file entry09.txt (compact mmCIF, C-alpha atoms)
# COMPACT_ATOMS: atom_id res chain seq x y z
CA ILE V 1 -0.50 -19.33 -53.30
CA ALA V 2 -3.59 -17.53 -54.51
CA ILE V 3 -4.74 -17.02 -50.91
CA VAL V 4 -1.30 -15.70 -49.96
CA PHE V 5 -1.45 -13.37 -52.95
CA GLY V 6 -4.89 -12.20 -51.84
CA ILE V 7 -3.58 -11.55 -48.34
CA VAL V 8 -0.70 -9.53 -49.74
CA LEU V 9 -3.19 -7.46 -51.69
CA ALA V 10 -5.20 -6.82 -48.54
CA LEU V 11 -2.24 -6.02 -46.27
CA PRO V 12 -2.66 -2.22 -46.53
CA VAL V 13 -5.93 -2.62 -44.63
CA LEU V 14 -4.04 -3.30 -41.42
CA ASN V 15 -2.34 0.07 -41.58
CA SER V 16 -5.30 2.13 -42.75
CA ALA V 17 -8.57 3.35 -41.36
CA ILE V 18 -10.46 1.55 -44.17
CA ASP V 19 -12.81 -1.25 -43.16
CA PRO V 20 -11.22 -4.45 -44.55
CA THR V 21 -14.56 -5.69 -45.87
CA SER V 22 -14.68 -2.76 -48.31
CA LEU V 23 -12.19 -4.58 -50.53
CA ILE V 24 -14.24 -7.77 -50.78
CA SER V 25 -15.92 -6.91 -54.09
CA SER V 26 -12.64 -6.11 -55.84
CA LEU V 27 -10.59 -9.06 -54.66
CA GLY V 28 -12.85 -11.94 -55.71
CA PHE V 29 -13.44 -15.10 -53.66
CA LEU V 30 -9.87 -15.76 -52.56
CA GLY V 31 -9.37 -12.08 -51.93
CA THR V 32 -12.55 -12.11 -49.87
CA VAL V 33 -11.18 -14.95 -47.75
CA ALA V 34 -7.93 -13.03 -47.30
CA ALA V 35 -9.77 -9.85 -46.41
CA LEU V 36 -11.90 -11.68 -43.85
CA ILE V 37 -8.81 -13.25 -42.31
CA LEU V 38 -7.12 -9.90 -42.10
CA GLY V 39 -10.30 -8.32 -40.84
CA ASN V 40 -10.33 -10.82 -38.01
CA ILE V 41 -6.69 -10.04 -37.25
CA TRP V 42 -7.45 -6.33 -37.37
CA TYR V 43 -10.38 -6.80 -34.97
CA ARG V 44 -8.29 -8.86 -32.53
CA ASN V 45 -5.53 -6.25 -32.66
CA ALA V 46 -8.06 -3.52 -31.92
CA VAL V 47 -9.43 -5.48 -28.95
CA GLU V 48 -5.91 -6.12 -27.68
CA ASN V 49 -5.04 -2.43 -28.04
CA ASP V 50 -8.15 -1.50 -26.07
CA ARG V 51 -7.19 -3.99 -23.37
CA LEU V 52 -3.66 -2.61 -23.19
CA GLU V 53 -5.00 0.93 -22.95
CA ILE V 54 -7.28 -0.07 -20.07
CA LEU V 55 -4.33 -1.71 -18.31
CA ARG V 56 -2.18 1.36 -18.95
CA LYS V 57 -4.78 3.67 -17.43
CA ALA V 58 -5.23 1.38 -14.42
CA GLU V 59 -1.47 1.24 -13.89
CA GLU V 60 -1.27 5.04 -14.18
CA LYS V 61 -4.10 5.43 -11.65
CA TYR V 62 -2.47 3.19 -9.06
CA ARG V 63 0.94 4.68 -9.74
CA ASN V 64 -0.49 8.12 -8.93
CA ILE V 65 -1.99 6.77 -5.70
CA PHE V 66 1.37 5.18 -4.79
CA GLU V 67 3.37 8.31 -5.58
CA ASN V 68 1.04 10.85 -3.94
CA ALA V 69 -0.22 8.98 -0.87
CA ILE V 70 0.42 10.65 2.48
CA GLU V 71 0.76 7.24 4.12
CA GLY V 72 3.88 5.19 3.66
CA ILE V 73 3.53 2.24 1.27
CA PHE V 74 6.24 -0.42 1.15
CA GLN V 75 7.39 -3.88 0.13
CA SER V 76 10.05 -5.58 2.24
CA THR V 77 11.90 -8.88 2.49
CA SER V 78 12.26 -11.36 5.34
CA ASP V 79 15.93 -10.48 5.74
CA GLY V 80 15.15 -6.85 6.51
CA ARG V 81 15.51 -4.87 3.31
CA PHE V 82 13.05 -2.80 1.32
CA ILE V 83 12.11 -3.76 -2.22
CA GLY V 84 10.12 -0.61 -2.75
CA VAL V 85 8.81 2.41 -0.83
CA ASN V 86 6.75 5.37 -1.95
CA PRO V 87 7.76 9.03 -1.50
CA GLY V 88 5.44 9.36 1.51
CA MET V 89 7.29 6.54 3.28
CA ALA V 90 10.69 8.08 2.55
CA ARG V 91 9.60 11.52 3.81
CA MET V 92 8.08 10.01 6.96
CA TYR V 93 11.41 8.42 7.90
CA GLY V 94 13.49 11.45 6.92
CA TYR V 95 15.05 10.20 3.68
CA GLU V 96 15.51 12.38 0.61
CA SER V 97 13.98 9.88 -1.79
CA PRO V 98 12.62 6.33 -2.00
CA GLN V 99 15.88 5.28 -3.65
CA GLU V 100 17.94 6.56 -0.72
CA MET V 101 15.78 4.71 1.80
CA ILE V 102 15.95 1.46 -0.19
CA GLN V 103 19.73 1.71 -0.48
CA LYS V 104 20.53 2.79 3.09
CA VAL V 105 18.13 0.68 5.12
CA ILE V 106 19.75 -2.75 5.08
CA ASN V 107 18.41 -3.98 8.44
CA ILE V 108 14.87 -2.84 9.18
CA SER V 109 14.89 -4.30 12.71
CA SER V 110 17.87 -2.32 13.99
CA GLN V 111 17.61 0.78 11.81
CA LEU V 112 13.89 1.51 12.13
CA TYR V 113 12.63 -0.16 15.32
CA VAL V 114 13.48 1.27 18.74
CA GLU V 115 12.73 -2.26 20.00
CA PRO V 116 14.23 -4.51 17.26
CA GLU V 117 12.65 -7.70 18.62
CA MET V 118 9.23 -6.33 17.69
CA ARG V 119 9.90 -7.09 14.03
CA ASN V 120 10.78 -10.69 14.82
CA ASP V 121 7.46 -11.09 16.61
CA LEU V 122 5.76 -9.46 13.64
CA LEU V 123 7.37 -11.87 11.16
CA HIS V 124 6.36 -14.91 13.23
CA ARG V 125 2.75 -13.77 13.14
CA LEU V 126 2.92 -13.17 9.39
CA GLU V 127 4.49 -16.58 8.77
CA ALA V 128 1.54 -18.09 10.65
CA GLY V 129 -0.79 -16.52 8.07
CA GLU V 130 -2.00 -13.53 10.06
CA LYS V 131 -2.84 -10.23 8.35
CA ILE V 132 -1.86 -7.56 10.84
CA THR V 133 -3.59 -4.22 11.26
CA ASP V 134 -2.90 -1.23 13.53
CA PHE V 135 0.47 -2.54 14.69
CA GLU V 136 1.92 0.32 16.76
CA SER V 137 5.65 0.82 17.28
CA LEU V 138 8.14 3.51 18.19
CA ASP V 139 10.44 3.96 15.19
CA TYR V 140 13.66 5.75 14.29
CA ARG V 141 13.95 8.35 11.56
CA LYS V 142 17.14 8.64 9.53
CA ASP V 143 18.52 11.16 12.07
CA ARG V 144 17.66 8.74 14.95
CA SER V 145 14.85 10.92 16.28
CA THR V 146 11.81 8.85 17.20
CA PHE V 147 8.13 8.87 16.27
CA TRP V 148 5.12 6.59 16.63
CA THR V 149 3.73 4.60 13.71
CA SER V 150 0.77 2.36 13.03
CA MET V 151 1.28 -0.32 10.38
CA ASN V 152 -0.92 -2.66 8.35
CA ILE V 153 1.04 -5.53 6.81
CA GLN V 154 0.54 -8.89 5.12
CA ALA V 155 2.68 -11.60 3.53
CA ILE V 156 2.52 -12.07 -0.26
CA LEU V 157 2.70 -15.74 -1.25
CA ASP V 158 3.61 -17.61 -4.43
CA ALA V 159 1.48 -20.36 -5.99
CA ASN V 160 2.94 -22.91 -3.56
CA GLY V 161 2.21 -20.86 -0.47
CA ASN V 162 5.78 -19.69 0.09
CA ILE V 163 6.38 -16.10 1.23
CA LEU V 164 7.69 -13.88 -1.56
CA HIS V 165 7.78 -10.64 0.42
CA TYR V 166 5.74 -8.44 2.71
CA GLU V 167 3.75 -5.38 1.80
CA GLY V 168 1.86 -2.83 3.80
CA THR V 169 1.19 0.75 4.81
CA VAL V 170 2.53 2.95 7.61
CA GLU V 171 0.91 5.97 9.26
CA ASP V 172 2.60 8.53 11.52
CA ILE V 173 0.47 8.57 14.70
CA THR V 174 2.80 10.69 16.85
CA ASN V 175 0.25 13.49 17.33
CA ARG V 176 -2.42 10.97 18.30
CA LYS V 177 -0.13 9.33 20.86
CA MET V 178 0.84 12.72 22.29
CA ALA V 179 -2.83 13.68 22.62
CA GLN V 180 -3.53 10.39 24.38
CA LYS V 181 -0.63 11.03 26.77
CA VAL V 182 -1.86 14.54 27.58
CA LEU V 183 -5.37 13.22 28.22
CA LEU V 184 -4.07 10.44 30.47
CA GLU V 185 -1.93 12.87 32.47
CA SER V 186 -4.90 15.21 32.85
CA GLU V 187 -7.07 12.37 34.12
CA GLU V 188 -4.37 11.31 36.58
CA ARG V 189 -4.07 14.88 37.93
CA TYR V 190 -7.85 15.09 38.26
CA ARG V 191 -7.95 11.75 40.07
CA ALA V 192 -5.15 12.78 42.44
CA LEU V 193 -6.88 16.08 43.21
CA LEU V 194 -10.22 14.39 43.72
CA ASN V 195 -8.86 11.72 46.04
CA GLY V 196 -6.90 14.28 48.07
CA MET V 197 -9.89 16.36 49.05
CA LEU V 198 -11.38 16.02 52.54
CA ASP V 199 -14.91 16.73 51.40
CA GLY V 200 -16.89 13.94 49.88
CA ILE V 201 -17.40 14.37 46.14
CA TYR V 202 -19.44 12.16 43.89
CA ARG V 203 -21.09 11.93 40.47
CA SER V 204 -24.40 10.17 40.00
CA SER V 205 -26.73 9.24 37.19
CA HIS V 206 -30.26 10.57 36.74
CA ASN V 207 -31.65 7.40 38.36
CA GLY V 208 -29.61 7.89 41.52
CA ARG V 209 -26.69 5.52 40.90
CA PHE V 210 -23.17 6.61 41.85
CA LEU V 211 -20.84 6.97 38.87
CA ASP V 212 -17.78 8.19 40.71
CA VAL V 213 -16.76 9.01 44.31
CA ASN V 214 -13.59 10.24 45.96

call {"tool": "encode", "arguments": {"input": "entry09.txt", "output": "structure tokens"}}
result
Amino acid sequence: IAIVFGIVLALPVLNSAIDPTSLISSLGFLGTVAALILGNIWYRNAVENDRLEILRKAEEKYRNIFENAIEGIFQSTSDGRFIGVNPGMARMYGYESPQEMIQKVINISSQLYVEPEMRNDLLHRLEAGEKITDFESLDYRKDRSTFWTSMNIQAILDANGNILHYEGTVEDITNRKMAQKVLLESEERYRALLNGMLDGIYRSSHNGRFLDVN
């Protein structure tokens, strides 16, 4: 009872900026024990508060990355729905908000992929444990216009190794694919022109080896 009484006397320490040990001299032995107990509680609470603040700042940091990333970031299920998408993902596919994309896309294979079977192949590879990078596909926007994407994706597993969901990132590579197409067409025109000439044309290295001939 005396210890409880001492603790009651020391309770204001928890809600003040006063060091709990400052009351030791006035509370006597049992009060000292109570103050030390409460001091320990106060210290553990302070450590826990610091830990929570660190976690809060980390969560805020990654939330900012998620919200402001240019790339699309997503979580999806095996049955073809989205659990979460970031604003960049929604904009990329022509939706007004992440919420709209989550609600309206109920079959990823048919609504997003120009070739729906590509997602089935993707899921088989993920189920086999593969982490997939630079997976290119031609996708539909909300208005059914098309664009090229490159995706990185992996399966997230539970403690027993079962797939919980998939998560990954998507990049719009339409401009890159268009540039590659223009370059290829230019090379084909050059090759056709070169091969159609009657004169012999060649390129050689500095040591006299032929690099190209028509």

call {"tool": "closest_residue", "arguments": {"input": "entry09.txt", "among": "V:Leu138, V:Ile83, V:Met197, V:Leu122", "to": "Ile102 in chain V", "atoms": "all atoms listed in the file"}}
result
V:Ile83

call {"tool": "atom_distance", "arguments": {"input": "entry09.txt", "atom1": "CA of Arg189 in chain V", "atom2": "CA of Asp139 in chain V"}}
result
29.1 Å

call {"tool": "atom_distance", "arguments": {"input": "entry09.txt", "atom1": "CA of Ala128 in chain V", "atom2": "CA of Lys177 in chain V"}}
result
29.3 Å

call {"tool": "residues_around", "arguments": {"input": "entry09.txt", "residues": "Glu71 in chain V", "least_positions_apart": "3", "cutoff": "9 Å", "atoms": "all atoms listed in the file", "output": "number ranges by chain"}}
result
V: 68, 86, 88-89, 92, 169-172

call {"tool": "atom_distance", "arguments": {"input": "entry09.txt", "atom1": "CA of Leu193 in chain V", "atom2": "CA of Arg209 in chain V"}}
result
22.6 Å

call {"tool": "residues_around", "arguments": {"input": "entry09.txt", "residues": "Tyr113 in chain V", "least_positions_apart": "2", "cutoff": "12 Å", "atoms": "only C-alpha atoms", "output": "PDB file with C-alpha atoms, in the coordinates of the input"}}
result
ATOM      1  CA  GLY V  80      15.150  -6.850   6.510  1.00  0.00           C
ATOM      2  CA  TYR V  93      11.410   8.420   7.900  1.00  0.00           C
ATOM      3  CA  VAL V 105      18.130   0.680   5.120  1.00  0.00           C
ATOM      4  CA  ASN V 107      18.410  -3.980   8.440  1.00  0.00           C
ATOM      5  CA  ILE V 108      14.870  -2.840   9.180  1.00  0.00           C
ATOM      6  CA  SER V 109      14.890  -4.300  12.710  1.00  0.00           C
ATOM      7  CA  SER V 110      17.870  -2.320  13.990  1.00  0.00           C
ATOM      8  CA  GLN V 111      17.610   0.780  11.810  1.00  0.00           C
ATOM      9  CA  GLU V 115      12.730  -2.260  20.000  1.00  0.00           C
ATOM     10  CA  PRO V 116      14.230  -4.510  17.260  1.00  0.00           C
ATOM     11  CA  GLU V 117      12.650  -7.700  18.620  1.00  0.00           C
ATOM     12  CA  MET V 118       9.230  -6.330  17.690  1.00  0.00           C
ATOM     13  CA  ARG V 119       9.900  -7.090  14.030  1.00  0.00           C
ATOM     14  CA  ASN V 120      10.780 -10.690  14.820  1.00  0.00           C
ATOM     15  CA  LEU V 122       5.760  -9.460  13.640  1.00  0.00           C
ATOM     16  CA  GLU V 136       1.920   0.320  16.760  1.00  0.00           C
ATOM     17  CA  SER V 137       5.650   0.820  17.280  1.00  0.00           C
ATOM     18  CA  LEU V 138       8.140   3.510  18.190  1.00  0.00           C
ATOM     19  CA  ASP V 139      10.440   3.960  15.190  1.00  0.00           C
ATOM     20  CA  TYR V 140      13.660   5.750  14.290  1.00  0.00           C
ATOM     21  CA  ARG V 141      13.950   8.350  11.560  1.00  0.00           C
ATOM     22  CA  LYS V 142      17.140   8.640   9.530  1.00  0.00           C
ATOM     23  CA  ARG V 144      17.660   8.740  14.950  1.00  0.00           C
ATOM     24  CA  SER V 145      14.850  10.920  16.280  1.00  0.00           C
ATOM     25  CA  THR V 146      11.810   8.850  17.200  1.00  0.00           C
ATOM     26  CA  PHE V 147       8.130   8.870  16.270  1.00  0.00           C
ATOM     27  CA  TRP V 148       5.120   6.590  16.630  1.00  0.00           C
ATOM     28  CA  THR V 149       3.730   4.600  13.710  1.00  0.00           C
TER      29      THR V 149
END

call {"tool": "closest_residue", "arguments": {"input": "entry09.txt", "among": "V:Ser205, V:Ser78, V:Asn195, V:Asn49", "to": "Asn162 in chain V", "atoms": "only C-alpha atoms"}}
result
V:Ser78

call {"tool": "closest_residue", "arguments": {"input": "entry09.txt", "among": "V:Ile41, V:Ala155, V:Pro98, V:Asn175", "to": "His124 in chain V", "atoms": "all atoms listed in the file"}}
result
V:Ala155

call {"tool": "closest_residue", "arguments": {"input": "entry09.txt", "among": "V:Glu187, V:Lys181, V:Arg176, V:Pro87", "to": "Asn64 in chain V", "atoms": "only C-alpha atoms"}}
result
V:Pro87

call {"tool": "closest_residue", "arguments": {"input": "entry09.txt", "among": "V:Thr133, V:Ser186, V:Asn207, V:Thr77", "to": "Asn152 in chain V", "atoms": "only C-alpha atoms"}}
result
V:Thr133

call {"tool": "residues_around", "arguments": {"input": "entry09.txt", "residues": "His165 in chain V", "least_positions_apart": "6", "cutoff": "12 Å", "atoms": "only C-alpha atoms", "output": "ChimeraX atom specification"}}
result
/V:74-84,123,126-127,153-158

call {"tool": "closest_residue", "arguments": {"input": "entry09.txt", "among": "V:Glu67, V:Gly72, V:Glu130, V:Leu55", "to": "Ser150 in chain V", "atoms": "all atoms listed in the file"}}
result
V:Gly72
